[in-house]
Amino acid sequence: MKVGATSTSLPAVKSAFEANYACMGITCADVGNLYNADANTFFTGISQCVDTSPLNLDRIAGYLPGTNVVDHSLIDLDQKAIEEQIKVGTAESFNVARKIYEEGGHSKSFAEITLDTALVNPVNKGTSVIGESADGAWVYGSVMADYESNTRDIKVQYTVDADNSRVCYVGGLPSDKVDTSGCLMEVGSITISGQGAFNYQANNQGYNKNARAIQGFSTAAQSKMYEDCPGCPYKDFKQYYDYYGEFDYANKWILAAAQGSSTSFKNGNADFTSYDFIGRGGEMIDCLCPFTFSFHAMCYSRKCVFFPIQIQRHSRRELLT
């Protein structure tokens with residue numbers, strides 16, 4: 001169907017459309033078959049497709065993922081935890097909310113550990129790791145990066161169970177929300193596939209962390225949408241960067257609301273110094289919701305920009321300036 005094409009292929013065009021049904025939130029059954037009323041039968045060669053996921057994955061809120069994004073989807077638990085702290089409405093709870101926003105707590109959890117003996121051979125990112133939790137349950141994970149021989153300090157990303165029966169939720173969460181049932185014990189032994197067993201110890205007190213936090217969706221925008229991406233800069237993102245004069249304008253907006261301060265954009269500034277906790281919290285939630293929505297709905301199904309967050313910021317700009 002390319003403009004200027006000398007010919008088209010019906011099966012190829014049909015398959016191209018069908019490949020995007022899940023992204024659009026519709027199913028093969030929703031589209032159905034094409035019916036020939038004159039012949040009182042269905043057209044041949046264009047029968048109804050079958051909904052499939054390459055990994056036979058379950059739908060997430062109606063979305064059929066093409067890859068395993070269960071761990072990514074856990075970011076919505078960060079948002080829930082942040083909103084719970086905001087609703088408390090105290091200086092302390094707002095500090096906790098900011099900590100979760102910056103450090104995460106549920107998505108892409110990992111442990112930083114130091115092996116008692118160095119690696120004999122290099123280890124590739126994604127290599128399987130097995131260890132134990134403090135109560136003796138098996139903990140599964142994978143190496144987070146490529147490591148050369150003689151390395152002792154490594155990071156192990158936890159594998160998320162399909163039913164989340166055992167998880168490692170630590171990061172920036174308050175103590176009453178921490179769940180270490182799926183975390184490696186502080187001192188123990190792990191088996192690295194192809195390498196053998198290694199005794200280890202945590203290399204710092206807060207050794208269970210998160211490599212994915214909501215703040216990162218904005219602070220990584222310069223790289224992902226302006227400089228180091230195919231077709232960079234993205235047209236829509238560039239419009240907002242040109243207006244605000246900051247690559248992480250959404251992050252700076254949230255932090256200003258959290259702190260009760262003001263922004264210092266080129267245009268469209270907001271002053272939260274006179275806002276109470278309810279007003280500041282409302283601004284944070286208004287800005288956070290599009291972050292997690294856009295992340296799940298678009299960013300892991302195709303190349304995208306944070307359209308909802310940009311629309312939200314545009315409406316707030318008009319209200320506050």
# chains A, B, ... in the order shown; residues from 1 in each chain; ligands from 1

call {"tool": "residues_around", "arguments": {"residues": "segment 168-180 of chain A", "least_positions_apart": "3", "cutoff": "6 Å", "atoms": "only C-alpha atoms", "output": "number ranges by chain"}}
result
A: 99-100, 103-106, 183, 209-210

call {"tool": "write_last_selection", "arguments": {"atoms": "N, CA, C and O atoms", "output": "mmCIF file, in the first residue's frame"}}
result
data_model
loop_
_atom_site.group_PDB
_atom_site.id
_atom_site.type_symbol
_atom_site.label_atom_id
_atom_site.label_comp_id
_atom_site.auth_asym_id
_atom_site.auth_seq_id
_atom_site.Cartn_x
_atom_site.Cartn_y
_atom_site.Cartn_z
ATOM 1 N N LYS A 99 10.683 9.833 46.871
ATOM 2 C CA LYS A 99 11.686 8.769 46.886
ATOM 3 C C LYS A 99 11.257 7.605 45.987
ATOM 4 O O LYS A 99 12.060 7.057 45.231
ATOM 5 N N ILE A 100 9.969 7.235 46.039
ATOM 6 C CA ILE A 100 9.462 6.163 45.183
ATOM 7 C C ILE A 100 9.523 6.604 43.720
ATOM 8 O O ILE A 100 9.877 5.825 42.837
ATOM 9 N N GLU A 103 13.334 6.427 42.844
ATOM 10 C CA GLU A 103 14.054 5.162 43.000
ATOM 11 C C GLU A 103 13.238 3.931 42.616
ATOM 12 O O GLU A 103 13.807 2.846 42.480
ATOM 13 N N GLY A 104 11.938 4.080 42.430
ATOM 14 C CA GLY A 104 11.105 2.941 42.098
ATOM 15 C C GLY A 104 10.879 2.024 43.285
ATOM 16 O O GLY A 104 11.130 2.390 44.435
ATOM 17 N N GLY A 105 10.408 0.812 42.992
ATOM 18 C CA GLY A 105 10.158 -0.140 44.074
ATOM 19 C C GLY A 105 9.642 -1.480 43.585
ATOM 20 O O GLY A 105 9.768 -2.484 44.270
ATOM 21 N N HIS A 106 9.063 -1.495 42.375
ATOM 22 C CA HIS A 106 8.412 -2.710 41.902
ATOM 23 C C HIS A 106 8.928 -3.236 40.569
ATOM 24 O O HIS A 106 8.852 -4.435 40.311
ATOM 25 N N CYS A 183 13.596 -11.924 47.265
ATOM 26 C CA CYS A 183 14.932 -11.321 47.194
ATOM 27 C C CYS A 183 15.995 -12.336 47.604
ATOM 28 O O CYS A 183 15.758 -13.218 48.428
ATOM 29 N N LYS A 209 17.568 -2.975 44.690
ATOM 30 C CA LYS A 209 17.217 -1.699 44.081
ATOM 31 C C LYS A 209 16.331 -1.919 42.864
ATOM 32 O O LYS A 209 15.949 -3.046 42.560
ATOM 33 N N ASN A 210 16.019 -0.836 42.173
ATOM 34 C CA ASN A 210 15.213 -0.910 40.951
ATOM 35 C C ASN A 210 15.869 -0.109 39.840
ATOM 36 O O ASN A 210 16.258 1.036 40.047
#

call {"tool": "closest_atom_pairs", "arguments": {"of": "segment 105-219 of chain A", "to": "segment 224-236 of chain A", "cutoff": "10 Å", "atoms": "only C-alpha atoms", "output": "CSV"}}
result
residue,atom,partner,partner_atom,distance
A:Phe217,CA,A:Lys224,CA,9.3
A:Ser218,CA,A:Lys224,CA,9.6
A:Thr219,CA,A:Lys224,CA,9.6

call {"tool": "closest_residue", "arguments": {"among": "A:Ala39, A:Gln205, A:Val31, A:Gln215", "to": "Cys287 of chain A", "atoms": "only C-alpha atoms"}}
result
A:Gln215

call {"tool": "closest_residue", "arguments": {"among": "A:Leu10, A:Val139, A:Ile60, A:Ala257", "to": "Leu74 of chain A", "atoms": "only C-alpha atoms"}}
result
A:Ile60

call {"tool": "residues_around", "arguments": {"residues": "Thr114 of chain A", "least_positions_apart": "2", "cutoff": "10 Å", "atoms": "only C-alpha atoms", "output": "list of chain:residue names"}}
result
A:Ala111, A:Glu112, A:Asp116, A:Thr117, A:Ala118, A:Thr151, A:Arg152, A:Asp153, A:Ile154, A:Lys155, A:Val187, A:Phe198, A:Asn199, A:Tyr200, A:Gln201, A:Ala202, A:Asn203, A:Asn204

call {"tool": "closest_residue", "arguments": {"among": "A:Phe277, A:Ile46, A:Asp248, A:Ser93", "to": "Ala12 of chain A", "atoms": "only C-alpha atoms"}}
result
A:Ile46

call {"tool": "residues_around", "arguments": {"residues": "Tyr147 of chain A", "least_positions_apart": "5", "cutoff": "9 Å", "atoms": "only C-alpha atoms", "output": "PyMOL selection string"}}
result
chain A and resi 119+121-125+154

call {"tool": "select_by_dssp", "arguments": {"residues": "segment 11-244 of chain A", "states": "helix (DSSP H, G or I)", "output": "PyMOL selection string"}}
result
chain A and resi 11-18+21-24+28-31+70-73+75-88+91-103+175-177+214-219+221-227+235-244

call {"tool": "closest_residue", "arguments": {"among": "A:Ala81, A:Leu115, A:Met144, A:Ala258", "to": "Asn95 of chain A", "atoms": "only C-alpha atoms"}}
result
A:Ala258

call {"tool": "residues_around", "arguments": {"residues": "Gly45 of chain A", "least_positions_apart": "6", "cutoff": "12 Å", "atoms": "only C-alpha atoms", "output": "PyMOL selection string"}}
result
chain A and resi 9-12+14-15+33-35

call {"tool": "select_by_dssp", "arguments": {"residues": "segment 95-236 of chain A", "states": "strand (DSSP E)", "output": "number ranges by chain"}}
result
A: 109-115, 128-132, 138-143, 153-158, 187-192, 196-202, 208-210

call {"tool": "residues_around", "arguments": {"residues": "Ile254 of chain A", "least_positions_apart": "2", "cutoff": "8 Å", "atoms": "only C-alpha atoms", "output": "JSON, numbers by chain"}}
result
{"A": [250, 251, 252, 256, 257, 258, 283, 284, 287, 288]}

call {"tool": "decode", "arguments": {"residues": "segment 70-86 of chain A", "atoms": "all heavy atoms", "output": "tab-separated table (two decimals), in the first residue's frame"}}
result
chain	number	residue	atom	x	y	z
A	70	VAL	N	5.62	-8.21	31.56
A	70	VAL	CA	5.03	-8.30	32.91
A	70	VAL	C	5.82	-7.43	33.88
A	70	VAL	O	5.25	-6.68	34.67
A	70	VAL	CB	4.98	-9.76	33.39
A	70	VAL	CG1	4.52	-9.81	34.85
A	70	VAL	CG2	4.05	-10.58	32.52
A	71	ASP	N	7.15	-7.53	33.83
A	71	ASP	CA	7.98	-6.74	34.74
A	71	ASP	C	7.77	-5.25	34.49
A	71	ASP	O	7.68	-4.46	35.43
A	71	ASP	CB	9.45	-7.11	34.55
A	71	ASP	CG	10.33	-6.59	35.68
A	71	ASP	OD1	9.79	-6.03	36.64
A	71	ASP	OD2	11.55	-6.75	35.60
A	72	HIS	N	7.67	-4.86	33.23
A	72	HIS	CA	7.45	-3.45	32.89
A	72	HIS	C	6.11	-2.97	33.48
A	72	HIS	O	5.99	-1.85	33.97
A	72	HIS	CB	7.43	-3.24	31.38
A	72	HIS	CG	8.66	-3.73	30.69
A	72	HIS	ND1	8.87	-5.06	30.41
A	72	HIS	CD2	9.73	-3.07	30.20
A	72	HIS	CE1	10.03	-5.20	29.79
A	72	HIS	NE2	10.57	-4.01	29.64
A	73	SER	N	5.11	-3.85	33.40
A	73	SER	CA	3.77	-3.45	33.84
A	73	SER	C	3.69	-3.18	35.33
A	73	SER	O	2.77	-2.51	35.80
A	73	SER	CB	2.74	-4.52	33.46
A	73	SER	OG	2.88	-5.69	34.26
A	74	LEU	N	4.66	-3.69	36.09
A	74	LEU	CA	4.65	-3.49	37.53
A	74	LEU	C	4.90	-2.04	37.93
A	74	LEU	O	4.75	-1.68	39.09
A	74	LEU	CB	5.69	-4.39	38.20
A	74	LEU	CG	5.46	-5.90	38.06
A	74	LEU	CD1	6.60	-6.67	38.69
A	74	LEU	CD2	4.13	-6.30	38.69
A	75	ILE	N	5.26	-1.20	36.96
A	75	ILE	CA	5.49	0.21	37.26
A	75	ILE	C	4.22	0.88	37.79
A	75	ILE	O	4.27	1.88	38.50
A	75	ILE	CB	6.03	0.96	36.01
A	75	ILE	CG1	6.69	2.28	36.41
A	75	ILE	CG2	4.93	1.18	34.99
A	75	ILE	CD1	8.01	2.11	37.10
A	76	ASP	N	3.05	0.30	37.44
A	76	ASP	CA	1.81	0.91	37.93
A	76	ASP	C	1.69	0.76	39.45
A	76	ASP	O	0.99	1.55	40.11
A	76	ASP	CB	0.57	0.35	37.22
A	76	ASP	CG	0.38	-1.14	37.45
A	76	ASP	OD1	1.23	-1.77	38.09
A	76	ASP	OD2	-0.64	-1.66	36.96
A	77	LEU	N	2.40	-0.21	40.04
A	77	LEU	CA	2.41	-0.34	41.51
A	77	LEU	C	3.22	0.79	42.14
A	77	LEU	O	2.93	1.20	43.27
A	77	LEU	CB	2.99	-1.70	41.91
A	77	LEU	CG	2.18	-2.92	41.46
A	77	LEU	CD1	2.86	-4.21	41.94
A	77	LEU	CD2	0.75	-2.85	41.97
A	78	ASP	N	4.22	1.30	41.42
A	78	ASP	CA	4.93	2.49	41.89
A	78	ASP	C	3.96	3.67	41.97
A	78	ASP	O	3.94	4.42	42.94
A	78	ASP	CB	6.07	2.85	40.95
A	78	ASP	CG	7.31	1.99	41.16
A	78	ASP	OD1	7.24	1.04	41.95
A	78	ASP	OD2	8.33	2.27	40.51
A	79	GLN	N	3.17	3.82	40.91
A	79	GLN	CA	2.22	4.92	40.90
A	79	GLN	C	1.23	4.81	42.04
A	79	GLN	O	0.91	5.78	42.72
A	79	GLN	CB	1.46	4.95	39.57
A	79	GLN	CG	0.26	5.88	39.60
A	79	GLN	CD	0.15	6.76	38.39
A	79	GLN	OE1	1.00	6.77	37.52
A	79	GLN	NE2	-0.92	7.50	38.33
A	80	LYS	N	0.73	3.59	42.26
A	80	LYS	CA	-0.21	3.38	43.36
A	80	LYS	C	0.42	3.75	44.70
A	80	LYS	O	-0.21	4.43	45.53
A	80	LYS	CB	-0.65	1.92	43.39
A	80	LYS	CG	-1.62	1.59	44.52
A	80	LYS	CD	-1.98	0.11	44.52
A	80	LYS	CE	-2.92	-0.21	45.68
A	80	LYS	NZ	-3.23	-1.66	45.76
A	81	ALA	N	1.68	3.32	44.91
A	81	ALA	CA	2.36	3.63	46.17
A	81	ALA	C	2.57	5.13	46.33
A	81	ALA	O	2.45	5.67	47.44
A	81	ALA	CB	3.70	2.89	46.20
A	82	ILE	N	2.89	5.81	45.24
A	82	ILE	CA	3.08	7.27	45.29
A	82	ILE	C	1.78	7.96	45.66
A	82	ILE	O	1.74	8.85	46.51
A	82	ILE	CB	3.61	7.79	43.94
A	82	ILE	CG1	5.03	7.29	43.70
A	82	ILE	CG2	3.56	9.32	43.89
A	82	ILE	CD1	5.57	7.59	42.31
A	83	GLU	N	0.69	7.54	45.03
A	83	GLU	CA	-0.61	8.16	45.31
A	83	GLU	C	-1.03	7.94	46.75
A	83	GLU	O	-1.62	8.83	47.38
A	83	GLU	CB	-1.66	7.61	44.35
A	83	GLU	CG	-1.45	8.05	42.90
A	83	GLU	CD	-2.59	7.61	42.00
A	83	GLU	OE1	-3.65	7.22	42.52
A	83	GLU	OE2	-2.42	7.67	40.76
A	84	GLU	N	-0.73	6.77	47.28
A	84	GLU	CA	-1.07	6.49	48.69
A	84	GLU	C	-0.34	7.46	49.61
A	84	GLU	O	-0.92	7.95	50.59
A	84	GLU	CB	-0.71	5.05	49.04
A	84	GLU	CG	-1.63	4.03	48.39
A	84	GLU	CD	-1.17	2.60	48.63
A	84	GLU	OE1	-0.02	2.41	49.11
A	84	GLU	OE2	-1.94	1.66	48.32
A	85	GLN	N	0.93	7.74	49.32
A	85	GLN	CA	1.69	8.67	50.15
A	85	GLN	C	1.19	10.10	49.98
A	85	GLN	O	1.12	10.87	50.95
A	85	GLN	CB	3.18	8.59	49.78
A	85	GLN	CG	3.83	7.26	50.12
A	85	GLN	CD	3.77	6.93	51.59
A	85	GLN	OE1	3.97	7.81	52.44
A	85	GLN	NE2	3.50	5.68	51.92
A	86	ILE	N	0.84	10.47	48.76
A	86	ILE	CA	0.33	11.81	48.51
A	86	ILE	C	-0.96	12.06	49.29
A	86	ILE	O	-1.18	13.14	49.86
A	86	ILE	CB	0.09	12.03	47.00
A	86	ILE	CG1	1.43	12.15	46.27
A	86	ILE	CG2	-0.76	13.27	46.74
A	86	ILE	CD1	1.32	12.21	44.76
